[in-house]
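Data from start-v1.pdb: PDB, C-alpha atoms and all ligand atoms
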ATOM      1  CA  MET Q   1     138.701 112.661  64.295
ATOM      2  CA  ALA Q   2     137.144 115.120  61.856
ATOM      3  CA  GLU Q   3     140.118 115.841  59.628
ATOM      4  CA  GLY Q   4     140.332 119.209  57.885
ATOM      5  CA  MET Q   5     137.165 120.465  59.528
ATOM      6  CA  LYS Q   6     136.925 123.801  61.239
ATOM      7  CA  VAL Q   7     133.888 125.006  63.144
ATOM      8  CA  VAL Q   8     133.155 128.618  64.024
ATOM      9  CA  LEU Q   9     131.011 129.149  67.125
ATOM     10  CA  ILE Q  10     129.240 132.468  67.604
ATOM     11  CA  GLY Q  11     127.433 133.546  70.758
ATOM     12  CA  GLY Q  12     124.576 136.029  70.650
ATOM     13  CA  SER Q  13     124.862 137.514  74.128
ATOM     14  CA  VAL Q  14     127.277 140.219  75.227
ATOM     15  CA  ARG Q  15     125.837 140.362  78.744
ATOM     16  CA  PRO Q  16     128.665 139.961  81.293
ATOM     17  CA  GLY Q  17     128.465 136.425  82.706
ATOM     18  CA  ASN Q  18     125.971 135.359  80.063
ATOM     19  CA  TYR Q  19     124.597 131.817  79.977
ATOM     20  CA  THR Q  20     124.758 131.635  76.194
ATOM     21  CA  ALA Q  21     128.568 131.587  76.408
ATOM     22  CA  MET Q  22     128.457 128.884  79.100
ATOM     23  CA  ALA Q  23     126.336 126.659  76.878
ATOM     24  CA  LEU Q  24     128.491 127.418  73.856
ATOM     25  CA  ALA Q  25     131.623 126.498  75.817
ATOM     26  CA  LEU Q  26     130.202 122.989  76.286
ATOM     27  CA  ALA Q  27     129.637 122.619  72.542
ATOM     28  CA  ALA Q  28     133.220 123.813  71.986
ATOM     29  CA  ASP Q  29     134.492 121.324  74.549
ATOM     30  CA  GLU Q  30     132.728 118.536  72.667
ATOM     31  CA  LEU Q  31     134.381 119.637  69.410
ATOM     32  CA  GLY Q  32     137.747 119.567  71.166
ATOM     33  CA  LYS Q  33     137.101 116.073  72.523
ATOM     34  CA  ARG Q  34     136.413 114.955  68.985
ATOM     35  CA  GLU Q  35     139.614 116.583  67.728
ATOM     36  CA  THR Q  36     137.726 119.063  65.621
ATOM     37  CA  ALA Q  37     139.325 122.475  65.187
ATOM     38  CA  TYR Q  38     137.158 125.380  66.240
ATOM     39  CA  GLU Q  39     137.198 129.101  66.684
ATOM     40  CA  MET Q  40     135.019 130.997  69.122
ATOM     41  CA  VAL Q  41     133.623 134.388  68.079
ATOM     42  CA  ASP Q  42     132.538 136.675  70.906
ATOM     43  CA  PRO Q  43     130.701 139.700  69.485
ATOM     44  CA  ALA Q  44     131.540 141.608  72.691
ATOM     45  CA  THR Q  45     135.131 141.762  71.449
ATOM     46  CA  LEU Q  46     134.110 143.107  68.030
ATOM     47  CA  SER Q  47     132.963 146.485  66.887
ATOM     48  CA  LEU Q  48     130.271 145.514  64.407
ATOM     49  CA  PRO Q  49     128.622 148.353  62.497
ATOM     50  CA  PHE Q  50     124.875 148.721  62.072
ATOM     51  CA  PRO Q  51     123.584 147.441  58.726
ATOM     52  CA  GLY Q  52     124.433 149.641  55.773
ATOM     53  CA  VAL Q  53     127.080 151.598  57.669
ATOM     54  CA  ASN Q  54     130.719 150.893  56.913
ATOM     55  CA  PRO Q  55     130.210 147.240  55.902
ATOM     56  CA  ASP Q  56     133.921 146.914  55.110
ATOM     57  CA  SER Q  57     135.123 147.779  58.596
ATOM     58  CA  LYS Q  58     137.999 145.582  59.769
ATOM     59  CA  ASP Q  59     135.913 143.625  62.286
ATOM     60  CA  ALA Q  60     133.055 143.027  59.842
ATOM     61  CA  ARG Q  61     135.457 141.902  57.131
ATOM     62  CA  GLU Q  62     137.345 139.573  59.465
ATOM     63  CA  LEU Q  63     134.099 138.091  60.757
ATOM     64  CA  ARG Q  64     132.982 137.343  57.189
ATOM     65  CA  GLU Q  65     136.348 135.770  56.407
ATOM     66  CA  ARG Q  66     136.297 133.556  59.501
ATOM     67  CA  VAL Q  67     132.813 132.291  58.680
ATOM     68  CA  ALA Q  68     133.612 131.889  54.976
ATOM     69  CA  GLU Q  69     136.570 129.633  55.862
ATOM     70  CA  ALA Q  70     134.553 127.459  58.259
ATOM     71  CA  THR Q  71     133.314 123.994  57.380
ATOM     72  CA  GLY Q  72     130.343 124.581  59.653
ATOM     73  CA  VAL Q  73     128.963 127.085  62.140
ATOM     74  CA  ILE Q  74     127.287 126.879  65.536
ATOM     75  CA  LEU Q  75     125.086 129.837  66.411
ATOM     76  CA  ALA Q  76     123.988 130.182  70.024
ATOM     77  CA  THR Q  77     121.412 132.741  71.042
ATOM     78  CA  PRO Q  78     119.689 133.832  74.205
ATOM     79  CA  GLU Q  79     115.922 134.281  74.135
ATOM     80  CA  TYR Q  80     115.298 138.005  74.411
ATOM     81  CA  HIS Q  81     111.733 139.310  74.215
ATOM     82  CA  GLY Q  82     110.416 136.225  72.504
ATOM     83  CA  SER Q  83     113.070 136.029  69.820
ATOM     84  CA  PHE Q  84     116.794 135.679  69.209
ATOM     85  CA  SER Q  85     119.009 138.550  70.287
ATOM     86  CA  SER Q  86     119.660 141.724  68.345
ATOM     87  CA  VAL Q  87     123.362 140.934  68.746
ATOM     88  CA  MET Q  88     122.885 137.718  66.763
ATOM     89  CA  LYS Q  89     120.947 139.617  64.107
ATOM     90  CA  LEU Q  90     123.758 142.176  63.913
ATOM     91  CA  VAL Q  91     126.241 139.337  63.411
ATOM     92  CA  ILE Q  92     124.105 137.996  60.563
ATOM     93  CA  GLU Q  93     123.730 141.478  59.015
ATOM     94  CA  ASN Q  94     127.522 141.724  59.016
ATOM     95  CA  LEU Q  95     128.014 138.407  57.249
ATOM     96  CA  GLY Q  96     127.374 140.054  53.908
ATOM     97  CA  PHE Q  97     124.908 139.873  51.095
ATOM     98  CA  PRO Q  98     125.238 137.227  49.727
ATOM     99  CA  SER Q  99     125.920 135.851  53.166
ATOM    100  CA  ALA Q 100     129.061 134.015  54.262
ATOM    101  CA  LEU Q 101     126.580 131.542  55.761
ATOM    102  CA  ALA Q 102     125.250 130.551  52.335
ATOM    103  CA  GLY Q 103     125.809 126.842  51.751
ATOM    104  CA  LYS Q 104     127.222 126.293  55.255
ATOM    105  CA  PRO Q 105     125.832 123.730  57.640
ATOM    106  CA  VAL Q 106     124.615 125.662  60.667
ATOM    107  CA  ALA Q 107     123.671 124.110  64.018
ATOM    108  CA  LEU Q 108     121.569 126.122  66.439
ATOM    109  CA  LEU Q 109     121.508 126.413  70.214
ATOM    110  CA  GLY Q 110     119.221 128.628  72.279
ATOM    111  CA  VAL Q 111     119.024 129.349  75.996
ATOM    112  CA  ALA Q 112     116.292 131.033  77.991
ATOM    113  CA  ALA Q 113     115.447 131.833  81.576
ATOM    114  CA  GLY Q 114     111.800 130.964  80.940
ATOM    115  CA  GLN Q 115     110.110 127.570  81.118
ATOM    116  CA  ILE Q 116     109.245 127.307  77.443
ATOM    117  CA  GLY Q 117     112.897 127.672  76.529
ATOM    118  CA  ALA Q 118     114.247 129.314  73.399
ATOM    119  CA  ILE Q 119     111.874 127.659  70.915
ATOM    120  CA  LYS Q 120     110.640 130.963  69.474
ATOM    121  CA  SER Q 121     114.200 132.270  69.125
ATOM    122  CA  LEU Q 122     115.328 129.104  67.405
ATOM    123  CA  GLU Q 123     112.428 129.094  64.966
ATOM    124  CA  ALA Q 124     113.061 132.712  64.022
ATOM    125  CA  LEU Q 125     116.816 132.167  63.767
ATOM    126  CA  ALA Q 126     116.385 129.022  61.649
ATOM    127  CA  SER Q 127     114.079 130.923  59.313
ATOM    128  CA  ILE Q 128     116.591 133.748  58.812
ATOM    129  CA  CYS Q 129     119.540 131.394  58.399
ATOM    130  CA  THR Q 130     117.590 129.482  55.756
ATOM    131  CA  HIS Q 131     116.691 132.773  54.084
ATOM    132  CA  VAL Q 132     120.384 133.640  53.661
ATOM    133  CA  GLY Q 133     121.119 130.192  52.239
ATOM    134  CA  ALA Q 134     122.526 128.336  55.237
ATOM    135  CA  LEU Q 135     121.872 124.621  55.597
ATOM    136  CA  VAL Q 136     120.164 124.624  58.967
ATOM    137  CA  LEU Q 137     120.598 121.244  60.588
ATOM    138  CA  PRO Q 138     117.724 119.530  62.329
ATOM    139  CA  GLY Q 139     118.090 118.964  66.056
ATOM    140  CA  ALA Q 140     118.384 122.541  67.331
ATOM    141  CA  VAL Q 141     118.733 122.495  71.115
ATOM    142  CA  SER Q 142     116.698 124.732  73.405
ATOM    143  CA  VAL Q 143     117.606 125.048  77.078
ATOM    144  CA  ALA Q 144     114.808 126.231  79.385
ATOM    145  CA  GLY Q 145     115.438 127.596  82.886
ATOM    146  CA  VAL Q 146     119.082 128.010  81.949
ATOM    147  CA  GLN Q 147     120.047 129.746  85.210
ATOM    148  CA  LYS Q 148     119.287 126.489  87.044
ATOM    149  CA  ALA Q 149     121.325 124.369  84.633
ATOM    150  CA  PHE Q 150     124.644 126.137  85.329
ATOM    151  CA  ASP Q 151     126.375 127.129  88.551
ATOM    152  CA  ARG Q 152     128.131 130.453  89.187
ATOM    153  CA  GLU Q 153     131.383 129.152  87.755
ATOM    154  CA  GLY Q 154     129.671 128.242  84.500
ATOM    155  CA  ARG Q 155     129.617 124.495  85.145
ATOM    156  CA  CYS Q 156     126.595 122.607  83.922
ATOM    157  CA  VAL Q 157     124.835 120.934  86.836
ATOM    158  CA  ASP Q 158     122.233 119.101  84.768
ATOM    159  CA  ALA Q 159     123.591 116.026  83.003
ATOM    160  CA  GLU Q 160     120.642 115.772  80.602
ATOM    161  CA  VAL Q 161     120.990 119.423  79.534
ATOM    162  CA  GLU Q 162     124.730 118.948  79.094
ATOM    163  CA  LYS Q 163     124.139 115.923  76.871
ATOM    164  CA  ARG Q 164     121.700 117.866  74.691
ATOM    165  CA  ILE Q 165     124.066 120.836  74.361
ATOM    166  CA  ARG Q 166     126.950 118.561  73.397
ATOM    167  CA  SER Q 167     124.734 116.965  70.733
ATOM    168  CA  VAL Q 168     124.765 120.285  68.843
ATOM    169  CA  ALA Q 169     128.481 119.736  68.214
ATOM    170  CA  THR Q 170     128.211 116.027  67.421
ATOM    171  CA  ASN Q 171     125.327 116.583  64.991
ATOM    172  CA  LEU Q 172     127.395 119.120  63.105
ATOM    173  CA  ILE Q 173     130.477 116.874  63.019
ATOM    174  CA  GLU Q 174     128.432 113.929  61.803
ATOM    175  CA  TYR Q 175     126.737 115.968  59.097
ATOM    176  CA  ALA Q 176     130.049 117.418  57.903
ATOM    177  CA  ARG Q 177     131.726 114.012  57.932
ATOM    178  CA  GLY Q 178     128.926 112.480  55.913
ATOM    179  CA  SER Q 179     128.208 115.277  53.471
ATOM    180  CA  ILE Q 180     130.925 117.940  53.413
ATOM    181  CA  CYS Q 181     134.244 116.176  54.126
ATOM    182  CA  PRO Q 182     133.796 113.586  51.334
ATOM    183  CA  ARG Q 183     133.333 116.504  48.965
ATOM    184  CA  ILE Q 184     136.500 118.236  50.272
ATOM    185  CA  ALA Q 185     138.443 114.952  50.001
ATOM    186  CA  LEU Q 186     137.156 114.329  46.494
ATOM    187  CA  GLU Q 187     138.039 117.856  45.395
ATOM    188  CA  ALA Q 188     141.572 117.462  46.843
ATOM    189  CA  MET Q 189     141.976 114.216  44.901
ATOM    190  CA  VAL Q 190     140.803 115.817  41.666
ATOM    191  CA  ARG Q 191     143.009 118.872  42.139
ATOM    192  CA  GLY Q 192     146.046 116.856  43.222
ATOM    193  CA  ALA Q 193     148.879 118.292  45.285
ATOM    194  CA  THR Q 194     149.460 121.295  42.966
ATOM    195  CA  GLY Q 195     145.942 122.605  43.340
ATOM    196  CA  GLU Q 196     145.388 122.439  39.571
ATOM    197  CA  MET Q 197     142.416 120.586  38.188
ATOM    198  CA  ARG Q 198     143.265 117.286  36.547
ATOM    199  CA  GLY Q 199     141.724 115.862  33.396
TER     200      GLY Q 199
HETATM  201  C1  LIG F 201     116.520 142.062  77.116
HETATM  202  C2  LIG F 201     116.193 140.710  77.665
HETATM  203  C3  LIG F 201     115.024 140.092  77.271
HETATM  204  C4  LIG F 201     114.695 138.818  77.740
HETATM  205  N1  LIG F 201     113.573 138.194  77.289
HETATM  206  C5  LIG F 201     113.318 136.924  77.657
HETATM  207  C6  LIG F 201     112.217 136.199  77.105
HETATM  208  O1  LIG F 201     111.464 136.688  76.289
HETATM  209  N2  LIG F 201     112.033 134.925  77.511
HETATM  210  C7  LIG F 201     112.856 134.305  78.427
HETATM  211  O2  LIG F 201     112.657 133.135  78.751
HETATM  212  N3  LIG F 201     113.909 134.967  78.957
HETATM  213  C8  LIG F 201     114.167 136.241  78.583
HETATM  214  N4  LIG F 201     115.263 136.905  79.078
HETATM  215  C9  LIG F 201     116.144 136.205  80.000
HETATM  216  C10 LIG F 201     117.259 135.487  79.235
HETATM  217  O3  LIG F 201     116.724 134.394  78.535
HETATM  218  C11 LIG F 201     118.293 135.081  80.244
HETATM  219  O4  LIG F 201     119.056 136.239  80.588
HETATM  220  C12 LIG F 201     119.174 133.929  79.856
HETATM  221  O5  LIG F 201     120.181 133.835  80.826
HETATM  222  C13 LIG F 201     119.842 134.010  78.497
HETATM  223  O6  LIG F 201     120.525 135.208  78.289
HETATM  224  P1  LIG F 201     122.107 135.394  78.513
HETATM  225  O7  LIG F 201     122.806 134.465  77.575
HETATM  226  O8  LIG F 201     122.347 136.825  78.194
HETATM  227  O9  LIG F 201     122.395 135.002  79.934
HETATM  228  C14 LIG F 201     115.569 138.174  78.653
HETATM  229  C15 LIG F 201     116.740 138.828  79.065
HETATM  230  C16 LIG F 201     117.061 140.075  78.571
HETATM  231  C17 LIG F 201     118.349 140.730  79.011
END
For this file, write the structure as structure tokens.
Ligand SMILES: Cc1cc2nc3c(=O)[nH]c(=O)nc-3n(C[C@H](O)[C@H](O)[C@H](O)COP(=O)(O)O)c2cc1C
Amino acid sequence: MAEGMKVVLIGGSVRPGNYTAMALALAADELGKRETAYEMVDPATLSLPFPGVNPDSKDARELRERVAEATGVILATPEYHGSFSSVMKLVIENLGFPSALAGKPVALLGVAAGQIGAIKSLEALASICTHVGALVLPGAVSVAGVQKAFDREGRCVDAEVEKRIRSVATNLIEYARGSICPRIALEAMVRGATGEMRG
């Protein structure tokens, strides 16, 4: 069990029936199996403004707050035109400057219809996440030919792909357990039950 941890998962496709959400659901399922609290963010349900326009809109503010409160984040993107989606970029633009991602461990997942997978998307996304100060974890997972890996109901029909997608969640849990949770536990000990610093 990953006590006190909370993971926010954000999908970068708003296409009805998108494969990004199917892959992300597997990562979420793995978090659940490992008793790790999580929250799914679907940008299709948000009204995110373009950069520089109304940055304090309710949805933008709530998105920033949800990410700021997370122990770690999983970002999943489709490969669109050789890069990550504009939806994912809009999410990142709405995470503020400085970004709510700064200092957060971030695990990446990319899906693509094409044979080379989402490598280009993941490289570009990792670069931008690093730029805003996120701790991008190694082991990003790219799924090629994604439409063959899932059936119409969204079930993964490729055991190897499923294992790799689930590893996105386990990598994040293991990193947080090893590097973030000890810090949280230590801080709680130092602050004591009242929340005031001791000594
Ligand atoms: C605008 C757009 C651009 C796309 N560009 C690429 C691409 O460059 N390479 C690729 O492999 N697939 C590309 N695809 C296919 C997506 O990778 C495919 O739809 C896949 O299912 C992931 O997207 P989804 O999560 O929206 O389903 C593109 C799809 C769209 C809608």
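Residues matched by the PyMOL selection byres (((chain Q and resi 88) around 8) and not hetatm) in this file are Gly11, Gly12, Ser13, Thr77, Phe84, Ser85, Ser86, Val87, Lys89, Leu90, Val91 and Ile92 of chain Q.
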Shell of 9 Å around Arg66 in chain Q, only C-alpha atoms, local chain residues under 3 positions omitted, as a list in words: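 So, after excluding close chain neighbours, the residues are Val8, Glu39, Arg61, Glu62, Leu63, Glu69, Ala70 and Ala100 of chain Q.
What separates atom C16 of ligand LIG 201 (chain F) from CA of Gly82 in chain Q is a distance of 9.8 Å.
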Would you compute the box with edges along x, y and z of the file around ligand LIG 201 (chain F), including every atom the file lists for it and 4 Å extra on each side, and give its centre and edge lengths in Å to one decimal, as lines of an AutoDock Vina configuration file?
center_x = 117.1
center_y = 137.6
center_z = 78.6
size_x = 19.3
size_y = 16.9
size_z = 12.5
Nearest to ligand LIG 201 (chain F), chosen from Q:Ile128, Q:Val146, Q:Val190, Q:Met40, with only C-alpha atoms and all ligand atoms counted in the distances: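 Counting only C-alpha atoms and all ligand atoms, the residue closest to ligand LIG 201 (chain F) is Q:Val146.
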Go through Q:Glu162, Q:Glu123, Q:Glu174, Q:Asp151 one by one, measure the shortest atom-to-atom distance of each to Ala23 in chain Q using only C-alpha atoms, and give the residue with the smallest value.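 Smallest distance to Ala23 in chain Q is found for Q:Glu162.
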Counting all atoms listed in the file, what residues are within 7 Å of ligand LIG 201 (chain F), given as a list in words?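 My answer, listing the contacting residues, is Ser13, Val14, Arg15, Gly17, Asn18, Tyr19, Thr20, Ala21, Thr77, Pro78, Glu79, Tyr80, His81, Gly82, Ser83, Val111, Ala112, Ala113, Gly114, Gln115, Ile116, Gly117, Ala118, Val146 and Gln147 of chain Q.
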Which polymer residues have any atom within 12 Å of an atom of Lys33 in chain Q, counting only C-alpha atoms, with same-chain residues fewer than 3 positions away left out, as a compact mmCIF listing (two decimals) with C-alpha atoms, in the coordinates of the input?
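Listing of selection_37.txt after writing:
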# COMPACT_ATOMS: atom_id res chain seq x y z
CA MET Q 1 138.70 112.66 64.30
CA ALA Q 2 137.14 115.12 61.86
CA LEU Q 26 130.20 122.99 76.29
CA ALA Q 27 129.64 122.62 72.54
CA ALA Q 28 133.22 123.81 71.99
CA ASP Q 29 134.49 121.32 74.55
CA GLU Q 30 132.73 118.54 72.67
CA THR Q 36 137.73 119.06 65.62
CA ALA Q 37 139.32 122.48 65.19
CA TYR Q 38 137.16 125.38 66.24
CA ARG Q 166 126.95 118.56 73.40
CA ALA Q 169 128.48 119.74 68.21
CA THR Q 170 128.21 116.03 67.42
CA ILE Q 173 130.48 116.87 63.02
